[in-house]
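Q: The structure that follows is given in the form of structure tokens.
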Amino acid sequence: MTRRLAQVAKKVGVSEATVSRVLNGKPGVSEATRQAVLTALDVLGYERPTQLRGERARLVGLVLPELQNPIFPAFAEVIGGALAQQGLTPVLCTQTKGGVSEADYVALMLQQQVSGVVFAGGLYAQADAPHDHYGLLAQRGIPVVLINAAVDGLDFPCVACDDAVAVEQSWRHLVSLGHERIGLVLGPADHVPSRRRLNAAVGAAGGALAEEFVERSMFSLEGGQAAASRLLERGVTGIVCASDPLALGAVRAARRRGLRVPEDVSVVGYDDSAFMTCTEPPLTTVRQPIEAMGRAAVELLNAQIQGAEVPHSELLFEPELVVRGSTAQARTE
């Protein structure tokens with residue numbers, strides 16, 4: 001019992017005495033805290049006291065495109081914890097190739113009468129993808145928050161990291177190190193954040209960027225390796241990547257060609273996801289403020305659930321360049 005109290009108290013961020021009051025039905029606890037404690041019991045796998053079992057936890061869908069990229073489990077951890085503190089129970093919906101689609105998950109969530117949905121990466125960022133299932137959520141009046149840039153026409157609140165600033169920081173960093181032939185590894189052509197990054201790179205390059213210095217890829221290590229290999233064939237000495245897995249693929253591509261990172265080629269990632277300090281060399285990357293973004297998304301969602309009006313616009317967060325060992329002064333011939 002003591003261990004259960006301690007775990008629930010830690011999860012919610014309250015004292016064990018407060019948890020005890022909730023479990024015993026005693027007064028002196030706010031409704032928000034009471035709901036958060038009950039949700040924490042559910043999340044941690046503990047049975048509710050008999051007198052509290054009739055209350056159904058409020059469910060919130062958390063839709064992620066994958067879990068292989070460490071940035072998505074990181075968002076899930078922050079968002080899930082923040083939802084629990086608000087008395088909301090997160091339901092994780094992860095897409096897999098050939099498995100349940102995003103639209104299928106939306107249908108399931110509507111059947112379960114979820115209180116809201118947070119999308120952290122998904123089809124809303126791809127211009128050529130189907131978007132009808134988002135319309136279903138809007139028609140039902142389900143509160144929704146999107147994390148990272150969305151296509152035009154989706155009238156939902158959005159929390160995003162400033163993709164343009166991220167590229168500008170990376171580009172200026174490589175230029176300051178003397179790199180003149182800088183390549184860009186982006187996502188697909190219809191991917192909105194990648195479009196923003198390309199526009200920012202063109203601006204950072206002085207208004208013109210040769211097509212031969214831009215490669216597109218699926219967001220995976222293998223995709224990054226293939227795209228970077230093509231750039232290295234064209235003589236680039238610095239590569240800016242749209243994710244950390246893409247950057248790790250670029251490092252592998254350089255090594256397969258007998259090149260050293262960073263002595264021969266500098267590589268910059270994006271996200272600053274888990275273990276990027278443990279790679280060889282440690283990865284220079286642009287950090288997304290995951291904690292702040294995740295908590296802001298939950299605050300926007302909870303406000304809608306409570307019936308408040310929130311701006312259906314984009315809340316932009318500032319990224320931060322983290323310089324490590326994968327970038328260095330360009331070689332002079």
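Naming works like this for the structure tokens: A, B, ... for the chains as they're shown, residue 1 at the start of each chain, ligands 1 onward in shown order.
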I want to know what sits within 10 Å of Val214 (chain A), based on only C-alpha atoms, with residues of the same chain fewer than 5 positions away left out; could you give that as a PDB file with all heavy atoms, in the first residue's frame?
A:
```pdb
ATOM      1  N   ILE A 182      27.129  22.806 -49.222  1.00  0.00           N
ATOM      2  CA  ILE A 182      26.282  22.254 -48.158  1.00  0.00           C
ATOM      3  C   ILE A 182      25.060  21.582 -48.784  1.00  0.00           C
ATOM      4  O   ILE A 182      24.363  22.174 -49.606  1.00  0.00           O
ATOM      5  CB  ILE A 182      25.827  23.361 -47.185  1.00  0.00           C
ATOM      6  CG1 ILE A 182      27.058  24.034 -46.551  1.00  0.00           C
ATOM      7  CG2 ILE A 182      24.909  22.780 -46.105  1.00  0.00           C
ATOM      8  CD1 ILE A 182      26.711  25.260 -45.717  1.00  0.00           C
ATOM      9  N   GLY A 183      24.818  20.342 -48.380  1.00  0.00           N
ATOM     10  CA  GLY A 183      23.666  19.593 -48.880  1.00  0.00           C
ATOM     11  C   GLY A 183      22.559  19.508 -47.843  1.00  0.00           C
ATOM     12  O   GLY A 183      22.776  19.726 -46.648  1.00  0.00           O
ATOM     13  N   LEU A 184      21.362  19.187 -48.329  1.00  0.00           N
ATOM     14  CA  LEU A 184      20.170  19.164 -47.490  1.00  0.00           C
ATOM     15  C   LEU A 184      19.452  17.835 -47.698  1.00  0.00           C
ATOM     16  O   LEU A 184      19.166  17.444 -48.831  1.00  0.00           O
ATOM     17  CB  LEU A 184      19.264  20.327 -47.902  1.00  0.00           C
ATOM     18  CG  LEU A 184      18.189  20.836 -46.962  1.00  0.00           C
ATOM     19  CD1 LEU A 184      18.780  21.321 -45.646  1.00  0.00           C
ATOM     20  CD2 LEU A 184      17.410  21.963 -47.634  1.00  0.00           C
ATOM     21  N   VAL A 185      19.170  17.116 -46.591  1.00  0.00           N
ATOM     22  CA  VAL A 185      18.385  15.878 -46.668  1.00  0.00           C
ATOM     23  C   VAL A 185      17.043  16.139 -46.001  1.00  0.00           C
ATOM     24  O   VAL A 185      16.977  16.386 -44.791  1.00  0.00           O
ATOM     25  CB  VAL A 185      19.090  14.697 -45.979  1.00  0.00           C
ATOM     26  CG1 VAL A 185      18.208  13.448 -46.041  1.00  0.00           C
ATOM     27  CG2 VAL A 185      20.437  14.419 -46.635  1.00  0.00           C
ATOM     28  N   LEU A 186      15.967  16.086 -46.806  1.00  0.00           N
ATOM     29  CA  LEU A 186      14.630  16.424 -46.342  1.00  0.00           C
ATOM     30  C   LEU A 186      13.694  15.236 -46.467  1.00  0.00           C
ATOM     31  O   LEU A 186      14.038  14.204 -47.054  1.00  0.00           O
ATOM     32  CB  LEU A 186      14.069  17.587 -47.178  1.00  0.00           C
ATOM     33  CG  LEU A 186      14.850  18.892 -47.147  1.00  0.00           C
ATOM     34  CD1 LEU A 186      14.269  19.863 -48.160  1.00  0.00           C
ATOM     35  CD2 LEU A 186      14.830  19.497 -45.747  1.00  0.00           C
ATOM     36  N   LEU A 198      13.262  23.810 -46.733  1.00  0.00           N
ATOM     37  CA  LEU A 198      13.847  24.102 -48.033  1.00  0.00           C
ATOM     38  C   LEU A 198      13.828  25.609 -48.299  1.00  0.00           C
ATOM     39  O   LEU A 198      14.835  26.187 -48.747  1.00  0.00           O
ATOM     40  CB  LEU A 198      13.092  23.362 -49.131  1.00  0.00           C
ATOM     41  CG  LEU A 198      13.577  23.616 -50.567  1.00  0.00           C
ATOM     42  CD1 LEU A 198      15.052  23.263 -50.722  1.00  0.00           C
ATOM     43  CD2 LEU A 198      12.724  22.840 -51.561  1.00  0.00           C
ATOM     44  N   ALA A 201      16.478  27.211 -46.279  1.00  0.00           N
ATOM     45  CA  ALA A 201      17.819  26.923 -46.789  1.00  0.00           C
ATOM     46  C   ALA A 201      18.133  27.788 -48.008  1.00  0.00           C
ATOM     47  O   ALA A 201      19.263  28.273 -48.162  1.00  0.00           O
ATOM     48  CB  ALA A 201      17.937  25.442 -47.146  1.00  0.00           C
ATOM     49  N   LEU A 209      19.658  27.867 -54.327  1.00  0.00           N
ATOM     50  CA  LEU A 209      20.250  26.599 -53.878  1.00  0.00           C
ATOM     51  C   LEU A 209      20.084  25.589 -54.994  1.00  0.00           C
ATOM     52  O   LEU A 209      18.955  25.276 -55.403  1.00  0.00           O
ATOM     53  CB  LEU A 209      19.551  26.110 -52.604  1.00  0.00           C
ATOM     54  CG  LEU A 209      20.073  24.806 -51.990  1.00  0.00           C
ATOM     55  CD1 LEU A 209      21.529  24.941 -51.567  1.00  0.00           C
ATOM     56  CD2 LEU A 209      19.209  24.398 -50.802  1.00  0.00           C
ATOM     57  N   ALA A 227      20.251   8.991 -49.342  1.00  0.00           N
ATOM     58  CA  ALA A 227      20.219  10.387 -49.784  1.00  0.00           C
ATOM     59  C   ALA A 227      21.587  11.047 -49.612  1.00  0.00           C
ATOM     60  O   ALA A 227      22.053  11.777 -50.508  1.00  0.00           O
ATOM     61  CB  ALA A 227      19.167  11.154 -48.984  1.00  0.00           C
ATOM     62  N   ALA A 228      22.235  10.796 -48.489  1.00  0.00           N
ATOM     63  CA  ALA A 228      23.543  11.396 -48.238  1.00  0.00           C
ATOM     64  C   ALA A 228      24.595  10.862 -49.212  1.00  0.00           C
ATOM     65  O   ALA A 228      25.495  11.606 -49.621  1.00  0.00           O
ATOM     66  CB  ALA A 228      23.975  11.132 -46.792  1.00  0.00           C
ATOM     67  N   ARG A 230      24.183  10.145 -52.288  1.00  0.00           N
ATOM     68  CA  ARG A 230      24.054  10.899 -53.544  1.00  0.00           C
ATOM     69  C   ARG A 230      24.654  12.299 -53.403  1.00  0.00           C
ATOM     70  O   ARG A 230      25.286  12.815 -54.333  1.00  0.00           O
ATOM     71  CB  ARG A 230      22.577  10.967 -53.952  1.00  0.00           C
ATOM     72  CG  ARG A 230      21.983   9.619 -54.307  1.00  0.00           C
ATOM     73  CD  ARG A 230      20.590   9.737 -54.919  1.00  0.00           C
ATOM     74  NE  ARG A 230      19.572  10.145 -53.957  1.00  0.00           N
ATOM     75  CZ  ARG A 230      18.859   9.306 -53.201  1.00  0.00           C
ATOM     76  NH1 ARG A 230      19.083   8.005 -53.288  1.00  0.00           N
ATOM     77  NH2 ARG A 230      17.932   9.755 -52.378  1.00  0.00           N
ATOM     78  N   LEU A 231      24.467  12.921 -52.244  1.00  0.00           N
ATOM     79  CA  LEU A 231      25.047  14.250 -52.023  1.00  0.00           C
ATOM     80  C   LEU A 231      26.572  14.183 -51.980  1.00  0.00           C
ATOM     81  O   LEU A 231      27.261  15.061 -52.522  1.00  0.00           O
ATOM     82  CB  LEU A 231      24.523  14.835 -50.712  1.00  0.00           C
ATOM     83  CG  LEU A 231      23.046  15.257 -50.692  1.00  0.00           C
ATOM     84  CD1 LEU A 231      22.640  15.665 -49.281  1.00  0.00           C
ATOM     85  CD2 LEU A 231      22.794  16.411 -51.668  1.00  0.00           C
ATOM     86  N   ILE A 239      26.356  18.474 -44.407  1.00  0.00           N
ATOM     87  CA  ILE A 239      24.999  17.983 -44.682  1.00  0.00           C
ATOM     88  C   ILE A 239      24.081  18.369 -43.528  1.00  0.00           C
ATOM     89  O   ILE A 239      24.370  18.069 -42.362  1.00  0.00           O
ATOM     90  CB  ILE A 239      24.983  16.449 -44.871  1.00  0.00           C
ATOM     91  CG1 ILE A 239      25.931  16.026 -45.998  1.00  0.00           C
ATOM     92  CG2 ILE A 239      23.569  15.963 -45.155  1.00  0.00           C
ATOM     93  CD1 ILE A 239      26.030  14.518 -46.196  1.00  0.00           C
ATOM     94  N   VAL A 240      22.974  19.021 -43.858  1.00  0.00           N
ATOM     95  CA  VAL A 240      21.936  19.374 -42.886  1.00  0.00           C
ATOM     96  C   VAL A 240      20.776  18.407 -43.078  1.00  0.00           C
ATOM     97  O   VAL A 240      20.240  18.294 -44.181  1.00  0.00           O
ATOM     98  CB  VAL A 240      21.453  20.826 -43.080  1.00  0.00           C
ATOM     99  CG1 VAL A 240      20.282  21.130 -42.145  1.00  0.00           C
ATOM    100  CG2 VAL A 240      22.599  21.798 -42.843  1.00  0.00           C
TER     101      VAL A 240
END
```
Q: Apply DSSP to the structure's backbone, then extract all residues of region 37-181 of chain A labelled strand (DSSP E or B) and return them as an MDAnalysis selection string.
A: chainID A and resid 58:64 88:94 116:120 126 144:147 158:161
Q: With only C-alpha atoms as the atoms that count, which of A:Pro188, A:Gly238, A:Gly25, A:Pro65 lies nearest to Gly99 (chain A)?
A: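 The shortest atom-to-atom distance to Gly99 (chain A) comes from A:Pro65.
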Q: Sort by chain and increasing residue number a table of all residues of region 34-153 of chain A within 12 Å of region 248-270 of chain A, each with its closest pair of atoms and their distance in Å to one decimal, counting only C-alpha atoms, and write it as CSV.
A:
```
residue,atom,partner,partner_atom,distance
A:Asn69,CA,A:Leu248,CA,11.5
A:Pro70,CA,A:Tyr270,CA,11.7
A:Ile71,CA,A:Tyr270,CA,9.9
```
Q: Mind pulling up the distance from CA of Asn199 (chain A) to CA of Asp163 (chain A)?
A: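 The value is 9.9 Å.
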Q: Using only C-alpha atoms, which of the listed residues (A:Ala189, A:Leu316, A:Ile290, A:Val37) sits closest to Gln86 (chain A)?
A: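 Nearest to Gln86 (chain A): A:Val37.
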Q: Just the residues within 8 Å of Asp244 (chain A), please, counting only C-alpha atoms, with nothing from its chain fewer than 3 positions along; format it as number ranges by chain.
A: A: 241, 247-248, 269-273, 276, 285
Q: Would you write out those residues with N, CA, C and O atoms, as a PDB file, in the first residue's frame?
A:
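Result saved to part.pdb:
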```pdb
ATOM      1  N   CYS A 241      20.394  17.712 -42.007  1.00  0.00           N
ATOM      2  CA  CYS A 241      19.364  16.674 -42.098  1.00  0.00           C
ATOM      3  C   CYS A 241      18.108  17.066 -41.329  1.00  0.00           C
ATOM      4  O   CYS A 241      18.178  17.772 -40.321  1.00  0.00           O
ATOM      5  N   ALA A 247      20.392  11.916 -40.066  1.00  0.00           N
ATOM      6  CA  ALA A 247      21.779  12.334 -39.860  1.00  0.00           C
ATOM      7  C   ALA A 247      22.677  11.137 -39.558  1.00  0.00           C
ATOM      8  O   ALA A 247      23.820  11.063 -40.047  1.00  0.00           O
ATOM      9  N   LEU A 248      22.184  10.193 -38.776  1.00  0.00           N
ATOM     10  CA  LEU A 248      22.977   8.989 -38.496  1.00  0.00           C
ATOM     11  C   LEU A 248      23.182   8.186 -39.773  1.00  0.00           C
ATOM     12  O   LEU A 248      24.244   7.583 -39.970  1.00  0.00           O
ATOM     13  N   GLY A 269      22.031  17.122 -37.388  1.00  0.00           N
ATOM     14  CA  GLY A 269      20.724  16.481 -37.308  1.00  0.00           C
ATOM     15  C   GLY A 269      19.644  17.453 -36.871  1.00  0.00           C
ATOM     16  O   GLY A 269      19.839  18.674 -36.872  1.00  0.00           O
ATOM     17  N   TYR A 270      18.500  16.864 -36.490  1.00  0.00           N
ATOM     18  CA  TYR A 270      17.383  17.684 -36.009  1.00  0.00           C
ATOM     19  C   TYR A 270      16.542  16.856 -35.039  1.00  0.00           C
ATOM     20  O   TYR A 270      16.159  15.726 -35.360  1.00  0.00           O
ATOM     21  N   ASP A 271      16.284  17.395 -33.872  1.00  0.00           N
ATOM     22  CA  ASP A 271      15.446  16.848 -32.787  1.00  0.00           C
ATOM     23  C   ASP A 271      16.201  16.830 -31.463  1.00  0.00           C
ATOM     24  O   ASP A 271      15.655  17.131 -30.434  1.00  0.00           O
ATOM     25  N   ASP A 272      17.491  16.402 -31.495  1.00  0.00           N
ATOM     26  CA  ASP A 272      18.261  16.093 -30.286  1.00  0.00           C
ATOM     27  C   ASP A 272      17.526  15.032 -29.480  1.00  0.00           C
ATOM     28  O   ASP A 272      17.235  15.192 -28.301  1.00  0.00           O
ATOM     29  N   SER A 273      17.231  13.914 -30.156  1.00  0.00           N
ATOM     30  CA  SER A 273      16.541  12.809 -29.512  1.00  0.00           C
ATOM     31  C   SER A 273      17.510  12.010 -28.645  1.00  0.00           C
ATOM     32  O   SER A 273      18.700  12.286 -28.597  1.00  0.00           O
ATOM     33  N   MET A 276      21.799  10.821 -28.678  1.00  0.00           N
ATOM     34  CA  MET A 276      22.619  11.501 -29.672  1.00  0.00           C
ATOM     35  C   MET A 276      23.958  11.954 -29.083  1.00  0.00           C
ATOM     36  O   MET A 276      24.878  12.281 -29.823  1.00  0.00           O
ATOM     37  N   THR A 285      23.230  18.729 -33.479  1.00  0.00           N
ATOM     38  CA  THR A 285      21.826  18.673 -33.889  1.00  0.00           C
ATOM     39  C   THR A 285      21.076  19.891 -33.372  1.00  0.00           C
ATOM     40  O   THR A 285      21.611  20.655 -32.564  1.00  0.00           O
TER      41      THR A 285
END
```
Q: Tell me, as a list in words, which residues lie within 6 Å of region 100-114 of chain A, counting only C-alpha atoms; anything in the same chain fewer than 2 positions away does not count.
A: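 My list of contacting residues is Leu59, Val60, Gly116 and His133 of chain A.
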Q: Give me a file of those residues, with C-alpha atoms, as a PDB file, in the first residue's frame.
A:
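In the end it all went to selection.pdb:
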```
ATOM      1  CA  LEU A  59      -9.685   9.064 -22.546  1.00  0.00           C
ATOM      2  CA  VAL A  60      -7.423  11.052 -24.869  1.00  0.00           C
ATOM      3  CA  GLY A 116      -9.787  14.636 -27.296  1.00  0.00           C
ATOM      4  CA  HIS A 133     -10.646  11.614 -40.902  1.00  0.00           C
TER       5      HIS A 133
END
```
Q: How many Å separate CA of Phe317 (chain A) from CA of Arg216 (chain A)?
A: 24.8 Å
Q: Out of A:Arg58, A:Arg3, A:Arg324, A:His312, which residue has the shortest atom-to-atom distance to Asp155 (chain A) when counting only C-alpha atoms?
A: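 With only C-alpha atoms as the atom set, the closest residue is A:His312.
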Q: Find the residues near region 165-181 of chain A: any atom within 6 Å, counting only C-alpha atoms, skip ones fewer than 4 places away on the same chain, and give them as a list in words.
A: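 What passes the distance filter is Arg197, Val236, Thr237, Pro319, Gln329 and Ala330 of chain A.
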Q: Can you write out the residues you just picked, keeping N, CA and C atoms, as a JSON list (two decimals), in the first residue's frame?
A:
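Ended up saving to result-v8.json:
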```
[["chain", "number", "residue", "atom", "x", "y", "z"],
["A", 197, "ARG", "N", 11.69, 24.04, -44.43],
["A", 197, "ARG", "CA", 13.15, 23.94, -44.31],
["A", 197, "ARG", "C", 13.84, 24.28, -45.62],
["A", 236, "VAL", "N", 29.61, 17.45, -51.63],
["A", 236, "VAL", "CA", 29.28, 18.30, -50.49],
["A", 236, "VAL", "C", 30.22, 17.99, -49.32],
["A", 237, "THR", "N", 30.48, 19.00, -48.50],
["A", 237, "THR", "CA", 31.33, 18.79, -47.31],
["A", 237, "THR", "C", 30.55, 18.97, -46.02],
["A", 319, "PRO", "N", 13.86, 26.63, -31.62],
["A", 319, "PRO", "CA", 14.81, 25.52, -31.49],
["A", 319, "PRO", "C", 16.16, 26.02, -30.98],
["A", 329, "GLN", "N", 35.71, 22.33, -38.72],
["A", 329, "GLN", "CA", 36.21, 23.23, -39.77],
["A", 329, "GLN", "C", 36.34, 22.48, -41.09],
["A", 330, "ALA", "N", 35.91, 23.12, -42.16],
["A", 330, "ALA", "CA", 36.04, 22.52, -43.48],
["A", 330, "ALA", "C", 37.50, 22.38, -43.85]]
```
Q: Which residue out of A:Val91, A:Val118, A:Ala74, A:Ala125 has the minimum interatomic distance to Phe275 (chain A) when only C-alpha atoms are used?
A: A:Ala74
Q: Provide the CA of Glu318 (chain A) to CA of Val286 (chain A) distance in Å, to one decimal place.
A: 10.2 Å
Q: When distances are computed from only C-alpha atoms, which of A:Leu136, A:Ser220, A:Asp162, A:Ala149 shows the smallest separation from Ala200 (chain A)?
A: A:Asp162
Q: In region 49-217 of chain A, what's alpha helix (DSSP H) per DSSP? Answer as a PyMOL selection string?
A: chain A and resi 71-85+102-111+132-140+163-176+192-204
Q: I want to know what sits within 12 Å of Pro143 (chain A), based on only C-alpha atoms, with residues of the same chain fewer than 6 positions away left out; could you give that as number ranges by chain?
A: A: 59-61, 110, 113-119, 134-137, 155-158, 297-310, 312
